[in-house]
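Enquirer: Okay, here's the structure, questions in a sec.
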Amino acid sequence: MIVWINGAFGVGKTTTAGLLVERLPDAKVFDPEYVGYLLTPFVGSPTGDFQDLPLWRHLVVETMSGLAREYPHPWIAPMSLINPAYREEILGGIRADGVEVHEVVLTLPEEQLRARIDADQVDVAARQWRHDHVAPALTTFAAVTGAQLVDASQPPDQVADTIAMSIRSVPSR
């Protein structure tokens with residue numbers, strides 16, 4: 001199974017993924033950004049966003065599906081997919097490969113999200129990027145279907161507990 005943690009940039013996906021690994025036996029995190037870091041020295045994106053590279057999306061589907069097949073334990077993927085077409089391409093592609101995907105969308109009101117972005121002292125360089133993508137993210141996730149919405153204004157441990165409990169209650173295929 002893949003637990004895809006989606007949501008706006010800066011909402012707390014990476015923190016949640018780290019806490020979720022502690023709650024799900026044998027779970028491991030794979031951040032699809034690593035695929036982007038691998039590609040960008042060789043293939044530049046005209047937009048500056050590696051998600052706009054069709055090869056990145058293809059490789060994410062292949063990598064996540066391959067990890068799930070070859071190393072069958074829960075995989076946690078903390079990655080914002082705010083472009084609805086890319087979200088469908090990636091998550092739909094993984095599912096088409098026969099891999100179960102449980103998508104979680106972390107949600108926050110805009111004011112809280114922007115305050116969290118401003119308060120982040122770990123990745124200050126990403127602050128403007130995150131702010132620039134708040135509006136599209138909020139629009140996308142307000143219309144999302146087929147995902148578990150989780151209130152990210154709760155303490156991080158509670159967010160991870162909520163997700164872990166929902167994963168345990170999902171029957172295996």
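In the structure tokens, chains take the letters A, B, ... in the order shown, each chain's residues start at 1, and ligands count up from 1 in the order shown.
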Identify all residues of stretch 22-126 of chain A in alpha helix (DSSP H) (DSSP on the backbone) and supply them as an mmCIF file with N, CA, C and O atoms, in the first residue's frame.
Expert:
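File written: states.cif
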```cif
data_model
loop_
_atom_site.group_PDB
_atom_site.id
_atom_site.type_symbol
_atom_site.label_atom_id
_atom_site.label_comp_id
_atom_site.auth_asym_id
_atom_site.auth_seq_id
_atom_site.Cartn_x
_atom_site.Cartn_y
_atom_site.Cartn_z
ATOM 1 N N GLU A 22 6.319 5.892 12.288
ATOM 2 C CA GLU A 22 6.419 5.357 13.648
ATOM 3 C C GLU A 22 5.165 4.583 14.051
ATOM 4 O O GLU A 22 5.210 3.796 14.992
ATOM 5 N N ARG A 23 4.063 4.798 13.350
ATOM 6 C CA ARG A 23 2.777 4.209 13.736
ATOM 7 C C ARG A 23 2.347 3.024 12.880
ATOM 8 O O ARG A 23 1.443 2.289 13.257
ATOM 9 N N GLU A 33 9.999 13.800 -4.521
ATOM 10 C CA GLU A 33 10.905 14.897 -4.890
ATOM 11 C C GLU A 33 12.276 14.370 -5.279
ATOM 12 O O GLU A 33 12.962 14.974 -6.094
ATOM 13 N N TYR A 34 12.684 13.235 -4.695
ATOM 14 C CA TYR A 34 13.994 12.668 -5.028
ATOM 15 C C TYR A 34 14.102 12.372 -6.515
ATOM 16 O O TYR A 34 15.175 12.510 -7.103
ATOM 17 N N VAL A 35 12.999 11.967 -7.123
ATOM 18 C CA VAL A 35 12.996 11.715 -8.564
ATOM 19 C C VAL A 35 13.248 13.033 -9.303
ATOM 20 O O VAL A 35 13.996 13.074 -10.277
ATOM 21 N N GLY A 36 12.649 14.104 -8.819
ATOM 22 C CA GLY A 36 12.889 15.420 -9.412
ATOM 23 C C GLY A 36 14.334 15.861 -9.252
ATOM 24 O O GLY A 36 14.934 16.401 -10.187
ATOM 25 N N TYR A 37 14.903 15.613 -8.064
ATOM 26 C CA TYR A 37 16.307 15.976 -7.835
ATOM 27 C C TYR A 37 17.228 15.187 -8.755
ATOM 28 O O TYR A 37 18.257 15.690 -9.188
ATOM 29 N N LEU A 38 16.849 13.943 -9.053
ATOM 30 C CA LEU A 38 17.638 13.114 -9.955
ATOM 31 C C LEU A 38 17.603 13.671 -11.380
ATOM 32 O O LEU A 38 18.629 13.728 -12.058
ATOM 33 N N LEU A 39 16.430 14.105 -11.817
ATOM 34 C CA LEU A 39 16.261 14.542 -13.203
ATOM 35 C C LEU A 39 16.790 15.939 -13.503
ATOM 36 O O LEU A 39 17.351 16.169 -14.579
ATOM 37 N N PRO A 54 6.927 15.504 -18.115
ATOM 38 C CA PRO A 54 6.236 14.218 -18.255
ATOM 39 C C PRO A 54 7.087 13.044 -17.762
ATOM 40 O O PRO A 54 6.555 12.092 -17.188
ATOM 41 N N LEU A 55 8.404 13.121 -17.957
ATOM 42 C CA LEU A 55 9.283 12.046 -17.500
ATOM 43 C C LEU A 55 9.251 11.920 -15.981
ATOM 44 O O LEU A 55 9.282 10.809 -15.448
ATOM 45 N N TRP A 56 9.186 13.041 -15.261
ATOM 46 C CA TRP A 56 9.103 12.971 -13.793
ATOM 47 C C TRP A 56 7.845 12.219 -13.382
ATOM 48 O O TRP A 56 7.897 11.304 -12.556
ATOM 49 N N ARG A 57 6.720 12.558 -13.970
ATOM 50 C CA ARG A 57 5.467 11.902 -13.596
ATOM 51 C C ARG A 57 5.518 10.410 -13.912
ATOM 52 O O ARG A 57 5.107 9.572 -13.110
ATOM 53 N N HIS A 58 6.050 10.072 -15.076
ATOM 54 C CA HIS A 58 6.182 8.662 -15.462
ATOM 55 C C HIS A 58 7.080 7.913 -14.470
ATOM 56 O O HIS A 58 6.734 6.809 -14.015
ATOM 57 N N LEU A 59 8.216 8.501 -14.151
ATOM 58 C CA LEU A 59 9.154 7.839 -13.237
ATOM 59 C C LEU A 59 8.600 7.715 -11.822
ATOM 60 O O LEU A 59 8.893 6.743 -11.125
ATOM 61 N N VAL A 60 7.791 8.670 -11.394
ATOM 62 C CA VAL A 60 7.171 8.561 -10.071
ATOM 63 C C VAL A 60 6.212 7.375 -10.049
ATOM 64 O O VAL A 60 6.216 6.573 -9.111
ATOM 65 N N VAL A 61 5.408 7.224 -11.097
ATOM 66 C CA VAL A 61 4.494 6.075 -11.166
ATOM 67 C C VAL A 61 5.298 4.779 -11.141
ATOM 68 O O VAL A 61 5.007 3.862 -10.350
ATOM 69 N N GLU A 62 6.316 4.692 -11.973
ATOM 70 C CA GLU A 62 7.126 3.469 -12.049
ATOM 71 C C GLU A 62 7.865 3.187 -10.745
ATOM 72 O O GLU A 62 7.929 2.043 -10.289
ATOM 73 N N THR A 63 8.420 4.233 -10.135
ATOM 74 C CA THR A 63 9.178 4.060 -8.897
ATOM 75 C C THR A 63 8.272 3.639 -7.755
ATOM 76 O O THR A 63 8.563 2.670 -7.040
ATOM 77 N N MET A 64 7.164 4.341 -7.575
ATOM 78 C CA MET A 64 6.257 4.013 -6.469
ATOM 79 C C MET A 64 5.642 2.628 -6.664
ATOM 80 O O MET A 64 5.559 1.839 -5.722
ATOM 81 N N SER A 65 5.225 2.311 -7.887
ATOM 82 C CA SER A 65 4.656 0.991 -8.162
ATOM 83 C C SER A 65 5.705 -0.098 -7.945
ATOM 84 O O SER A 65 5.414 -1.148 -7.362
ATOM 85 N N GLY A 66 6.913 0.155 -8.416
ATOM 86 C CA GLY A 66 8.000 -0.818 -8.250
ATOM 87 C C GLY A 66 8.353 -1.047 -6.795
ATOM 88 O O GLY A 66 8.550 -2.192 -6.361
ATOM 89 N N LEU A 67 8.433 0.033 -6.031
ATOM 90 C CA LEU A 67 8.720 -0.123 -4.600
ATOM 91 C C LEU A 67 7.640 -0.957 -3.920
ATOM 92 O O LEU A 67 7.946 -1.857 -3.125
ATOM 93 N N ALA A 68 6.373 -0.669 -4.234
ATOM 94 C CA ALA A 68 5.267 -1.390 -3.603
ATOM 95 C C ALA A 68 5.269 -2.875 -3.989
ATOM 96 O O ALA A 68 4.972 -3.736 -3.159
ATOM 97 N N ARG A 69 5.599 -3.175 -5.239
ATOM 98 C CA ARG A 69 5.628 -4.570 -5.694
ATOM 99 C C ARG A 69 6.834 -5.323 -5.152
ATOM 100 O O ARG A 69 6.717 -6.452 -4.680
ATOM 101 N N GLU A 70 8.003 -4.721 -5.261
ATOM 102 C CA GLU A 70 9.248 -5.412 -4.913
ATOM 103 C C GLU A 70 9.550 -5.415 -3.413
ATOM 104 O O GLU A 70 10.247 -6.299 -2.929
ATOM 105 N N PRO A 84 -4.535 19.075 -10.880
ATOM 106 C CA PRO A 84 -5.455 17.934 -10.888
ATOM 107 C C PRO A 84 -5.124 16.877 -11.950
ATOM 108 O O PRO A 84 -5.281 15.683 -11.709
ATOM 109 N N ALA A 85 -4.660 17.307 -13.114
ATOM 110 C CA ALA A 85 -4.315 16.348 -14.171
ATOM 111 C C ALA A 85 -3.110 15.510 -13.759
ATOM 112 O O ALA A 85 -3.071 14.299 -14.008
ATOM 113 N N TYR A 86 -2.112 16.137 -13.115
ATOM 114 C CA TYR A 86 -0.939 15.399 -12.674
ATOM 115 C C TYR A 86 -1.307 14.438 -11.547
ATOM 116 O O TYR A 86 -0.811 13.313 -11.478
ATOM 117 N N ARG A 87 -2.181 14.898 -10.654
ATOM 118 C CA ARG A 87 -2.643 14.046 -9.550
ATOM 119 C C ARG A 87 -3.292 12.787 -10.113
ATOM 120 O O ARG A 87 -2.983 11.674 -9.703
ATOM 121 N N GLU A 88 -4.184 12.965 -11.081
ATOM 122 C CA GLU A 88 -4.862 11.815 -11.686
ATOM 123 C C GLU A 88 -3.877 10.923 -12.432
ATOM 124 O O GLU A 88 -3.947 9.702 -12.350
ATOM 125 N N GLU A 89 -2.963 11.524 -13.174
ATOM 126 C CA GLU A 89 -1.975 10.751 -13.931
ATOM 127 C C GLU A 89 -1.127 9.885 -13.003
ATOM 128 O O GLU A 89 -0.913 8.698 -13.272
ATOM 129 N N ILE A 90 -0.663 10.463 -11.911
ATOM 130 C CA ILE A 90 0.237 9.739 -11.008
ATOM 131 C C ILE A 90 -0.524 8.728 -10.158
ATOM 132 O O ILE A 90 -0.198 7.530 -10.157
ATOM 133 N N LEU A 91 -1.534 9.175 -9.433
ATOM 134 C CA LEU A 91 -2.246 8.249 -8.553
ATOM 135 C C LEU A 91 -3.012 7.208 -9.365
ATOM 136 O O LEU A 91 -3.038 6.026 -9.004
ATOM 137 N N GLY A 92 -3.615 7.641 -10.477
ATOM 138 C CA GLY A 92 -4.307 6.695 -11.352
ATOM 139 C C GLY A 92 -3.348 5.692 -11.974
ATOM 140 O O GLY A 92 -3.679 4.510 -12.116
ATOM 141 N N GLY A 93 -2.155 6.151 -12.340
ATOM 142 C CA GLY A 93 -1.147 5.251 -12.913
ATOM 143 C C GLY A 93 -0.684 4.206 -11.918
ATOM 144 O O GLY A 93 -0.500 3.029 -12.271
ATOM 145 N N ILE A 94 -0.484 4.609 -10.671
ATOM 146 C CA ILE A 94 -0.066 3.658 -9.636
ATOM 147 C C ILE A 94 -1.178 2.633 -9.406
ATOM 148 O O ILE A 94 -0.921 1.420 -9.337
ATOM 149 N N ARG A 95 -2.410 3.108 -9.321
ATOM 150 C CA ARG A 95 -3.546 2.186 -9.130
ATOM 151 C C ARG A 95 -3.689 1.243 -10.327
ATOM 152 O O ARG A 95 -4.009 0.062 -10.155
ATOM 153 N N ALA A 96 -3.469 1.755 -11.539
ATOM 154 C CA ALA A 96 -3.571 0.915 -12.737
ATOM 155 C C ALA A 96 -2.526 -0.190 -12.724
ATOM 156 O O ALA A 96 -2.729 -1.243 -13.344
ATOM 157 N N GLU A 110 -6.520 29.203 4.932
ATOM 158 C CA GLU A 110 -5.444 29.970 4.293
ATOM 159 C C GLU A 110 -4.590 30.754 5.289
ATOM 160 O O GLU A 110 -3.358 30.748 5.191
ATOM 161 N N GLU A 111 -5.221 31.439 6.242
ATOM 162 C CA GLU A 111 -4.439 32.260 7.183
ATOM 163 C C GLU A 111 -3.482 31.387 8.002
ATOM 164 O O GLU A 111 -2.328 31.767 8.235
ATOM 165 N N GLN A 112 -3.963 30.232 8.443
ATOM 166 C CA GLN A 112 -3.106 29.330 9.229
ATOM 167 C C GLN A 112 -1.987 28.755 8.370
ATOM 168 O O GLN A 112 -0.848 28.616 8.837
ATOM 169 N N LEU A 113 -2.310 28.414 7.120
ATOM 170 C CA LEU A 113 -1.298 27.885 6.217
ATOM 171 C C LEU A 113 -0.200 28.913 5.985
ATOM 172 O O LEU A 113 0.996 28.614 6.090
ATOM 173 N N ARG A 114 -0.581 30.152 5.692
ATOM 174 C CA ARG A 114 0.426 31.189 5.444
ATOM 175 C C ARG A 114 1.266 31.464 6.702
ATOM 176 O O ARG A 114 2.477 31.683 6.603
ATOM 177 N N ALA A 115 0.643 31.438 7.867
ATOM 178 C CA ALA A 115 1.388 31.635 9.113
ATOM 179 C C ALA A 115 2.383 30.494 9.333
ATOM 180 O O ALA A 115 3.524 30.718 9.761
ATOM 181 N N ARG A 116 1.969 29.263 9.015
ATOM 182 C CA ARG A 116 2.866 28.113 9.161
ATOM 183 C C ARG A 116 4.047 28.238 8.199
ATOM 184 O O ARG A 116 5.190 27.949 8.560
ATOM 185 N N ILE A 117 3.769 28.672 6.973
ATOM 186 C CA ILE A 117 4.838 28.859 5.990
ATOM 187 C C ILE A 117 5.833 29.900 6.508
ATOM 188 O O ILE A 117 7.052 29.705 6.449
ATOM 189 N N ASP A 118 5.333 31.014 7.036
ATOM 190 C CA ASP A 118 6.212 32.075 7.546
ATOM 191 C C ASP A 118 7.010 31.635 8.769
ATOM 192 O O ASP A 118 8.132 32.100 8.982
ATOM 193 N N ALA A 119 6.442 30.739 9.562
ATOM 194 C CA ALA A 119 7.100 30.301 10.801
ATOM 195 C C ALA A 119 8.164 29.228 10.562
ATOM 196 O O ALA A 119 8.996 28.996 11.430
#
```
Enquirer: Please provide the set of residues having any atom within 10 Å of A:Ser166, restricted to only C-alpha atoms, with same-chain residues fewer than 3 positions apart removed, written as a short mmCIF file (atom, residue, chain, number, x, y, z; two decimals) with all heavy atoms, in the first residue's frame.
Expert:
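File produced: selection_22.cif:
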```
data_model
loop_
_atom_site.label_atom_id
_atom_site.label_comp_id
_atom_site.auth_asym_id
_atom_site.auth_seq_id
_atom_site.Cartn_x
_atom_site.Cartn_y
_atom_site.Cartn_z
N HIS A 102 -3.81 4.94 -0.77
CA HIS A 102 -4.69 5.65 0.17
C HIS A 102 -4.20 7.10 0.18
O HIS A 102 -3.11 7.38 0.67
CB HIS A 102 -4.59 5.02 1.56
CG HIS A 102 -5.49 5.68 2.56
ND1 HIS A 102 -6.79 5.29 2.74
CD2 HIS A 102 -5.27 6.69 3.42
CE1 HIS A 102 -7.34 6.04 3.68
NE2 HIS A 102 -6.44 6.90 4.11
N VAL A 104 -4.31 10.92 1.36
CA VAL A 104 -4.70 11.79 2.47
C VAL A 104 -4.37 13.21 2.04
O VAL A 104 -3.28 13.47 1.53
CB VAL A 104 -3.91 11.44 3.75
CG1 VAL A 104 -4.22 12.41 4.86
CG2 VAL A 104 -4.16 10.01 4.17
N GLN A 148 -8.98 11.09 1.70
CA GLN A 148 -9.32 11.35 3.09
C GLN A 148 -8.82 12.75 3.44
O GLN A 148 -7.62 13.02 3.31
CB GLN A 148 -8.66 10.32 4.01
CG GLN A 148 -8.86 10.58 5.48
CD GLN A 148 -8.03 9.67 6.38
OE1 GLN A 148 -7.22 8.88 5.92
NE2 GLN A 148 -8.22 9.80 7.67
N ALA A 160 -1.13 12.35 12.63
CA ALA A 160 -0.59 11.03 12.30
C ALA A 160 -1.46 9.92 12.88
O ALA A 160 -1.70 8.90 12.22
CB ALA A 160 0.84 10.91 12.80
N ASP A 161 -1.96 10.10 14.10
CA ASP A 161 -2.84 9.09 14.71
C ASP A 161 -4.11 8.91 13.89
O ASP A 161 -4.57 7.79 13.67
CB ASP A 161 -3.21 9.48 16.14
CG ASP A 161 -2.07 9.32 17.13
OD1 ASP A 161 -1.08 8.61 16.82
OD2 ASP A 161 -2.16 9.92 18.23
N THR A 162 -4.70 10.02 13.45
CA THR A 162 -5.93 9.97 12.65
C THR A 162 -5.71 9.16 11.37
O THR A 162 -6.52 8.30 11.01
CB THR A 162 -6.40 11.39 12.30
OG1 THR A 162 -6.70 12.09 13.52
CG2 THR A 162 -7.61 11.38 11.39
N ILE A 163 -4.60 9.43 10.70
CA ILE A 163 -4.30 8.72 9.45
C ILE A 163 -4.02 7.25 9.73
O ILE A 163 -4.55 6.37 9.04
CB ILE A 163 -3.11 9.38 8.72
CG1 ILE A 163 -3.48 10.81 8.32
CG2 ILE A 163 -2.71 8.56 7.49
CD1 ILE A 163 -2.30 11.66 7.87
N SER A 169 -8.09 0.59 9.50
CA SER A 169 -9.50 0.19 9.34
C SER A 169 -9.86 -0.10 7.89
O SER A 169 -10.96 -0.56 7.61
CB SER A 169 -10.43 1.28 9.90
OG SER A 169 -10.35 2.44 9.10
N VAL A 170 -8.92 0.15 6.95
CA VAL A 170 -9.19 -0.13 5.54
C VAL A 170 -8.91 -1.60 5.27
O VAL A 170 -7.81 -2.08 5.54
CB VAL A 170 -8.28 0.74 4.62
CG1 VAL A 170 -8.42 0.33 3.17
CG2 VAL A 170 -8.60 2.21 4.81
#
```
Enquirer: Quick check, in Å to one decimal: how far apart do atom CA of A:Ser45 and atom CA of A:Ala17 lie?
Expert: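 Rounded to one decimal, the two atoms are 27.2 Å apart.
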Enquirer: A:Val159, A:Leu149, A:Ala126, A:Leu20: which is nearest A:Val3, counting only C-alpha atoms?
Expert: A:Leu20
Enquirer: Pick the closest to A:Arg168 from A:Pro25, A:Asn83, A:Ile5, A:Gly10: which is it, counting only C-alpha atoms?
Expert: A:Pro25
Enquirer: Calculate how many Å separate atom CA of A:Pro72 from atom CA of A:Asp26, rounding to one decimal.
Expert: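 Interatomic distance, atom CA of A:Pro72 to atom CA of A:Asp26: 9.3 Å.
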Enquirer: Which of these residues is nearest to A:Met79, using only C-alpha atoms: A:Trp129, A:Phe50, A:Trp4, A:Phe141?
Expert: A:Trp4
Enquirer: Rounded to one decimal place, report the atom CA of A:Gln121-atom CA of A:Lys13 distance in Å.
Expert: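 Those two atoms sit 15.7 Å apart.
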